[in-house]
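Next comes final.txt, with compact mmCIF, C-alpha atoms.
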```
# COMPACT_ATOMS: atom_id res chain seq x y z
CA MET K 212 151.24 113.85 102.41
CA GLN K 213 152.42 110.46 101.22
CA GLU K 214 155.58 112.03 99.77
CA ALA K 215 156.31 113.72 103.11
CA THR K 216 155.79 110.43 104.97
CA LYS K 217 158.04 108.61 102.50
CA ALA K 218 160.77 111.25 102.92
CA SER K 219 160.51 110.96 106.71
CA VAL K 220 160.84 107.16 106.57
CA VAL K 221 163.84 107.39 104.25
CA ALA K 222 165.50 109.93 106.54
CA ARG K 223 164.98 107.72 109.62
CA ALA K 224 166.24 104.65 107.79
CA SER K 225 169.31 106.54 106.58
CA LYS K 226 170.07 107.70 110.12
CA LEU K 227 169.71 104.15 111.49
CA LEU K 228 172.00 102.77 108.79
CA THR K 229 174.59 105.46 109.52
CA ARG K 230 174.52 104.71 113.23
CA GLY K 231 174.84 101.01 112.54
CA ALA K 232 177.81 101.58 110.26
CA GLU K 233 179.46 103.80 112.89
CA ARG K 234 178.99 101.15 115.59
CA SER K 235 180.45 98.44 113.37
CA PHE K 236 183.40 100.62 112.34
CA ALA K 237 184.13 101.60 115.96
CA ALA K 238 183.85 97.98 117.12
CA VAL K 239 186.45 96.87 114.57
CA PHE K 240 188.82 99.61 115.73
CA THR K 241 188.71 98.37 119.33
CA CYS K 242 190.94 95.56 118.05
CA VAL K 243 193.56 98.10 116.93
CA PRO K 244 195.97 99.47 119.59
CA ARG K 245 194.86 102.96 120.60
CA SER K 246 198.17 104.53 119.53
CA LEU K 247 197.75 103.14 115.98
CA ARG K 248 194.07 103.92 115.40
CA VAL K 249 194.62 107.26 113.65
CA SER K 250 197.27 105.80 111.33
CA VAL K 251 194.93 102.95 110.38
CA ALA K 252 192.02 105.38 109.96
CA ILE K 253 194.11 107.48 107.54
CA HIS K 254 194.66 104.40 105.35
CA VAL K 255 190.98 103.41 105.57
CA ALA K 256 189.92 106.98 104.70
CA ARG K 257 191.66 106.76 101.33
CA ALA K 258 189.37 103.93 100.29
CA ALA K 259 186.31 105.23 102.15
CA ALA K 260 186.46 108.57 100.32
CA THR K 261 185.38 106.85 97.09
CA ILE K 262 182.18 105.63 98.77
CA LEU K 263 181.50 108.69 100.90
CA LYS K 264 181.56 110.94 97.83
CA PHE K 265 178.02 109.75 97.11
CA THR K 266 176.63 110.93 100.48
CA SER K 267 174.99 114.30 101.10
CA VAL K 268 177.14 115.08 104.17
CA TYR K 269 180.29 114.58 102.10
CA ARG K 270 179.02 116.88 99.37
CA VAL K 271 178.23 119.61 101.91
CA GLN K 272 181.77 119.52 103.31
CA ASP K 273 183.26 119.30 99.83
CA ARG K 274 181.42 122.42 98.69
CA ILE K 275 183.02 124.42 101.50
CA GLY K 276 186.24 124.14 99.52
CA PHE K 277 189.02 123.63 102.06
CA ASP K 278 189.35 119.84 102.27
CA ARG K 279 190.54 117.09 99.95
CA PRO K 280 188.56 113.81 99.73
CA GLY K 281 190.81 111.87 102.12
CA GLU K 282 190.60 114.66 104.71
CA ILE K 283 186.81 114.72 104.59
CA ALA K 284 186.65 110.92 104.90
CA LEU K 285 189.11 110.91 107.81
CA HIS K 286 187.09 113.59 109.57
CA PHE K 287 183.94 111.45 109.33
CA LEU K 288 185.77 108.30 110.50
CA LEU K 289 187.36 110.02 113.52
CA ASN K 290 184.02 111.61 114.43
CA ALA K 291 182.44 108.15 114.31
CA LEU K 292 185.07 106.78 116.69
CA THR K 293 184.56 109.70 119.08
CA ARG K 294 180.77 109.39 119.08
CA GLN K 295 180.98 105.65 119.73
CA GLY K 296 183.48 106.09 122.57
CA THR K 297 186.42 104.39 120.81
CA GLU K 298 189.39 106.42 121.99
CA PHE K 299 192.38 107.43 119.89
CA ILE K 300 195.46 109.67 120.03
CA PRO K 301 195.46 112.34 117.26
CA ALA K 302 199.29 112.44 116.99
CA LEU K 303 199.33 115.78 115.18
CA ARG K 304 202.55 117.16 113.77
CA THR K 305 202.21 120.80 114.76
CA SER K 306 203.91 123.84 113.27
CA GLY K 307 203.64 127.09 115.22
CA TYR K 308 202.26 125.75 118.52
CA GLU K 309 204.71 128.05 120.30
CA LYS K 310 202.72 131.00 118.91
CA PHE K 311 199.62 129.76 120.70
CA GLU K 312 201.63 129.21 123.89
CA ALA K 313 203.07 132.72 123.68
CA SER K 314 199.57 134.17 123.36
CA ARG K 315 198.34 132.02 126.23
CA ALA K 316 201.26 133.05 128.44
CA LEU K 317 200.07 136.68 128.38
CA GLY K 318 197.26 135.64 130.70
CA GLY K 319 194.20 136.83 128.78
CA GLY K 320 191.77 135.04 126.54
CA VAL K 321 192.77 133.51 123.20
CA LEU K 322 190.67 133.10 120.07
CA VAL K 323 191.81 130.18 117.91
CA CYS K 324 190.13 130.58 114.55
CA GLY K 325 190.40 129.23 111.04
CA PRO K 326 188.27 128.34 108.02
CA HIS K 327 186.03 125.27 107.95
CA ALA K 328 188.79 122.72 107.31
CA ALA K 329 187.22 119.65 108.91
CA LEU K 330 190.30 118.13 110.59
CA THR K 331 190.98 121.38 112.49
CA LEU K 332 188.60 119.98 115.09
CA GLN K 333 191.46 117.71 116.22
CA LEU K 334 193.27 120.72 117.69
CA VAL K 335 190.61 120.84 120.41
CA ARG K 336 192.11 117.60 121.73
CA VAL K 337 195.64 119.07 121.67
CA PHE K 338 194.54 122.09 123.70
CA TYR K 339 192.58 119.86 126.11
CA ASP K 340 195.52 117.50 126.65
CA ASN K 341 197.72 120.49 127.44
CA GLY K 342 195.37 121.73 130.16
CA HIS K 343 193.73 124.65 128.35
CA ASP K 344 190.10 123.39 128.55
CA PRO K 345 188.99 125.02 125.27
CA VAL K 346 185.48 126.30 124.60
CA VAL K 347 184.14 125.56 121.11
CA ILE K 348 181.56 127.66 119.27
CA THR K 349 179.31 124.95 117.80
CA PRO K 350 175.61 124.07 117.41
CA ASP K 351 176.41 120.69 119.04
CA GLY K 352 175.96 121.15 122.77
CA ALA K 353 176.92 117.51 123.40
CA MET K 354 180.16 117.64 121.40
CA ARG K 355 182.94 115.43 122.73
CA VAL K 356 186.64 116.23 122.82
CA PRO K 357 188.00 114.25 119.82
CA GLY K 358 189.18 110.77 120.70
CA ILE K 359 188.09 110.66 124.37
CA ARG K 360 184.85 110.28 126.30
CA VAL K 361 184.77 113.84 127.61
CA THR K 362 182.09 116.38 126.74
CA CYS K 363 183.63 119.58 125.46
CA ALA K 364 182.80 123.03 126.83
CA THR K 365 180.70 124.73 124.14
CA VAL K 366 178.74 127.86 123.31
CA GLN K 367 175.88 127.56 120.84
CA PRO K 368 175.33 130.25 118.19
CA SER K 369 172.45 132.47 119.32
CA PRO K 370 171.50 136.17 119.49
CA THR K 371 173.51 136.41 122.74
CA PHE K 372 176.51 134.18 121.98
CA LEU K 373 178.84 137.13 121.38
CA VAL K 374 178.06 138.44 124.88
CA LYS K 375 178.88 135.02 126.34
CA THR K 376 182.07 134.82 124.28
CA ARG K 377 183.18 138.28 125.43
CA HIS K 378 182.83 137.08 129.03
CA LEU K 379 184.96 134.00 128.19
CA PHE K 380 187.71 136.19 126.72
CA ARG K 381 187.67 138.49 129.74
CA THR K 382 188.01 135.51 132.08
CA GLY K 383 191.03 134.17 130.18
CA ARG K 384 189.49 131.23 128.31
CA VAL K 385 190.60 129.66 125.03
CA VAL K 386 187.80 129.87 122.46
CA CYS K 387 187.86 127.88 119.21
CA ALA K 388 185.71 128.99 116.30
CA MET K 389 185.34 129.00 112.52
CA PRO K 390 183.99 132.42 111.52
CA ASP K 391 183.47 131.66 107.83
CA ARG K 392 179.82 131.22 106.83
CA ALA K 393 177.77 129.49 104.14
CA GLU K 394 175.53 132.47 103.42
CA SER K 395 176.03 136.22 103.42
CA VAL K 396 174.06 138.66 105.59
CA GLU K 397 174.03 142.27 104.48
CA GLY K 398 176.09 144.43 106.82
CA ARG K 399 177.32 141.47 108.88
CA THR K 400 179.50 139.43 106.54
CA ILE K 401 182.33 139.95 104.06
CA GLU K 402 182.69 137.94 100.85
CA PHE K 403 186.13 137.26 99.38
CA ALA K 404 187.53 135.28 96.46
CA THR K 405 189.65 132.12 96.81
CA ALA K 406 191.09 129.48 94.49
CA THR K 407 188.08 127.24 95.20
CA GLY K 408 185.42 129.90 94.85
CA PRO K 409 183.99 132.77 96.91
CA LYS K 410 183.98 132.46 100.71
CA ILE K 411 182.19 134.46 103.41
CA ILE K 412 183.36 135.56 106.85
CA ALA K 413 181.34 137.01 109.73
CA PRO K 414 183.92 139.29 111.42
CA ALA K 415 181.92 140.00 114.59
CA LEU K 416 183.69 137.37 116.71
CA ILE K 417 187.13 138.65 115.72
CA ASP K 418 185.98 142.18 116.56
CA VAL K 419 184.78 141.04 120.01
CA ALA K 420 188.13 139.33 120.64
CA ILE K 421 190.08 142.47 119.75
CA LYS K 422 187.89 144.72 121.89
CA SER K 423 188.10 142.25 124.81
CA GLY K 424 191.89 142.28 124.74
CA ALA K 425 192.09 138.63 123.70
CA ARG K 426 194.92 137.36 121.53
CA ILE K 427 194.12 135.73 118.18
CA VAL K 428 195.87 132.85 116.43
CA LEU K 429 194.94 131.29 113.09
CA ALA K 430 194.87 127.50 112.77
CA GLU K 431 194.10 124.65 110.39
CA VAL K 432 194.80 120.91 110.13
CA HIS K 433 195.34 118.93 106.94
CA LEU K 434 196.87 115.67 105.73
CA GLU K 435 200.44 115.71 104.52
CA ASP K 436 202.55 112.64 103.68
CA GLY K 437 200.08 110.38 105.45
CA LYS K 438 200.08 112.40 108.70
CA MET K 439 197.80 115.00 110.22
CA VAL K 440 199.62 118.33 110.23
CA ALA K 441 198.52 121.40 112.19
CA ASN K 442 199.51 124.90 111.17
CA ILE K 443 199.20 127.72 113.73
CA GLU K 444 200.02 131.33 112.87
CA SER K 445 199.96 134.59 114.80
CA CYS K 446 197.46 137.30 113.87
CA PRO K 447 197.64 141.13 114.03
CA GLN K 448 196.08 142.43 117.24
CA ASP K 449 195.99 146.20 116.74
CA THR K 450 192.74 146.54 114.76
CA SER K 451 189.83 144.30 113.80
CA GLU K 452 190.34 145.22 110.14
CA ARG K 453 193.92 143.92 110.09
CA ALA K 454 192.89 140.76 111.95
CA VAL K 455 190.09 140.09 109.45
CA ASP K 456 192.48 140.70 106.54
CA ALA K 457 194.89 138.18 108.09
CA PHE K 458 192.10 135.60 108.39
CA ILE K 459 191.12 136.13 104.75
CA ASP K 460 194.73 135.68 103.63
CA PHE K 461 195.00 132.51 105.75
CA ALA K 462 191.75 131.11 104.30
CA ARG K 463 192.93 131.86 100.78
CA ARG K 464 196.14 129.91 101.36
CA CYS K 465 194.14 126.97 102.75
CA ALA K 466 191.93 126.97 99.64
CA LEU K 467 194.99 127.27 97.41
CA ARG K 468 196.49 124.15 99.03
CA ARG K 469 193.39 122.15 98.09
CA SER K 470 193.27 123.70 94.62
CA GLY K 471 196.94 122.84 94.03
CA ALA K 472 196.36 119.26 95.15
CA GLU K 473 193.41 118.91 92.77
CA ALA K 474 195.50 120.28 89.91
CA ALA K 475 198.23 117.72 90.66
CA VAL K 476 195.67 114.89 90.66
CA SER K 477 194.22 116.13 87.37
CA ILE K 478 197.67 116.21 85.75
CA ALA K 479 198.43 112.70 87.03
CA GLU K 480 195.13 111.40 85.67
CA ARG K 481 195.77 112.96 82.24
CA THR K 482 199.27 111.47 82.21
CA MET K 483 197.89 108.00 82.98
CA THR K 484 195.34 108.39 80.18
CA VAL K 485 198.01 109.37 77.64
CA GLU K 486 200.28 106.50 78.73
CA GLY K 487 197.35 104.11 78.43
CA ARG K 488 196.78 105.16 74.82
CA ILE K 489 200.43 104.57 73.99
```
Write-out of the structure in C-alpha cells:
Amino acid sequence: MQEATKASVVARASKLLTRGAERSFAAVFTCVPRSLRVSVAIHVARAAATILKFTSVYRVQDRIGFDRPGEIALHFLLNALTRQGTEFIPALRTSGYEKFEASRALGGGVLVCGPHAALTLQLVRVFYDNGHDPVVITPDGAMRVPGIRVTCATVQPSPTFLVKTRHLFRTGRVVCAMPDRAESVEGRTIEFATATGPKIIAPALIDVAIKSGARIVLAEVHLEDGKMVANIESCPQDTSERAVDAFIDFARRCALRRSGAEAAVSIAERTMTVEGRI
C-alpha cells in the first residue's frame, strides 16, 4: 500500500514539474517573434534532446523507431507551446502537396496516413490553414491544431470508430491517422520488418477508406538541414491489399532514413575517437 501511495505521489509530482517546465518554456517563447519560434525551437531541441533522453515519454517515442533525437525533442517542445497557447507558424517545406490537392479535388473523402513519425502532426496545421478542417484519429479529444488556440476535430479509437470514420469519408472529410500499432492482434494486424525493427499495422482503416471511395495519401514530416520537411505521396486505390503494401513500403523507407542517420552518427563518433587517439 505504501509503495502504491509513493508511486502515486511521484507521478503527481512529475506531472506538476512537467507542466511547470512547459509554462516556463512557453513564457520565454512569447518574447520570440511568432514567425521565428519554430526556427528557435529547432535549435533548442538539439540541446534538449540530450536531457529528454532520460524521460519515459522520450523512450516510448524512440522505441517506435521512426524519429531521430532532435525530431522527438522538437515534437515535445512544439506540443508544449501548443498546449500553453503560445502560437507559432510551422513553416513546413512540403514535397508532394499537389498529390493531396489532386485527391481532394475529386470531391470525396481523403485519408492522410503515415507511420508514427512524431512531427507528422504538424501537417494537421497545414491542412487547417488551407481550409480543409481535418479530423484526427486520436485518444486526445481536446487536441489542439498545432501552433494555434483551436481545438481540432477528432475521433477517439473505440469499437465504433470505423463506422464514424466511414461516415466522414462518405461526407467528403479529410481524416488523418497513423495505422501502425504497438502490439499485434491476431487476425487484425500485420507485422513487417524494417531497418529499425519489426513494425505492426492495423489495415482496417485503410480498408474502410477504399470501400468508402475515399482517396489515400501517405505522409510524414522530418527534420532536414535544420528545417521541417513534409513528404506526401500518392497511394494505390484499386485494392486494400495494394494500399497496405504501399503503406508498408513507405514506413520502411521512413525507418531506413532514421537508420541511415544513426549509422552516419556512429561513423562520425568512431572517426572522432580515432582522431583523438592520434
In terms of only C-alpha atoms, the residue from K:Glu444, K:Leu330, K:Phe403, K:Glu435 at minimal distance from Asp456 (chain K) is K:Phe403
Pull the neighbourhood of (189.2, 132.2, 127.7) for me: all residues within 10 Å in file coordinates, counting all atoms listed in the file, as an NGL selection string.
:K and (315 or 318-322 or 343-346 or 376-387 or 425-426)
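Here the question is which of K:Arg234, K:Arg463, K:Arg392, K:Arg336 gets nearest to Ala302 (chain K) using only C-alpha atoms, and that residue is K:Arg336.
In terms of minimum interatomic distance to Ile459 (chain K), K:Lys410 ranks closest within K:Arg274, K:His286, K:Lys410, K:Arg279, counting all atoms listed in the file.
Counting all atoms listed in the file, Arg248 (chain K) has the following residues at most 12 Å away, ignoring those fewer than 3 positions along the same chain: Phe236, Ala237, Ala238, Val239, Phe240, Thr241, Cys242, Val243, Pro244, Arg245, Val251, Ala252, Ile253, His254, Val255, Ala256, Leu285, Leu288, Leu289, Leu292, Thr293, Thr297, Glu298, Phe299, Ile300, Pro301, Ala302 and Gly358 of chain K.
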Write to file, as a compact mmCIF listing (two decimals), in the frame of the given file, the residues of the selection just made, with C-alpha atoms.
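Wrote it out as selection16.txt, contents follow:
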```txt
# COMPACT_ATOMS: atom_id res chain seq x y z
CA PHE K 236 183.40 100.62 112.34
CA ALA K 237 184.13 101.60 115.96
CA ALA K 238 183.85 97.98 117.12
CA VAL K 239 186.45 96.87 114.57
CA PHE K 240 188.82 99.61 115.73
CA THR K 241 188.71 98.37 119.33
CA CYS K 242 190.94 95.56 118.05
CA VAL K 243 193.56 98.10 116.93
CA PRO K 244 195.97 99.47 119.59
CA ARG K 245 194.86 102.96 120.60
CA VAL K 251 194.93 102.95 110.38
CA ALA K 252 192.02 105.38 109.96
CA ILE K 253 194.11 107.48 107.54
CA HIS K 254 194.66 104.40 105.35
CA VAL K 255 190.98 103.41 105.57
CA ALA K 256 189.92 106.98 104.70
CA LEU K 285 189.11 110.91 107.81
CA LEU K 288 185.77 108.30 110.50
CA LEU K 289 187.36 110.02 113.52
CA LEU K 292 185.07 106.78 116.69
CA THR K 293 184.56 109.70 119.08
CA THR K 297 186.42 104.39 120.81
CA GLU K 298 189.39 106.42 121.99
CA PHE K 299 192.38 107.43 119.89
CA ILE K 300 195.46 109.67 120.03
CA PRO K 301 195.46 112.34 117.26
CA ALA K 302 199.29 112.44 116.99
CA GLY K 358 189.18 110.77 120.70
```
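In terms of minimum interatomic distance to Leu263 (chain K), K:Gly281 ranks closest within K:Gly296, K:Met389, K:Ser246, K:Gly281, counting only C-alpha atoms.
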Using Å and a single decimal, report how far CA of Leu334 (chain K) sits from CA of Ala441 (chain K).
7.6 Å
Between K:Leu317, K:Ile421, K:Thr362, K:Ala329, single out the one closest to Val271 (chain K), counting only C-alpha atoms.
K:Ala329
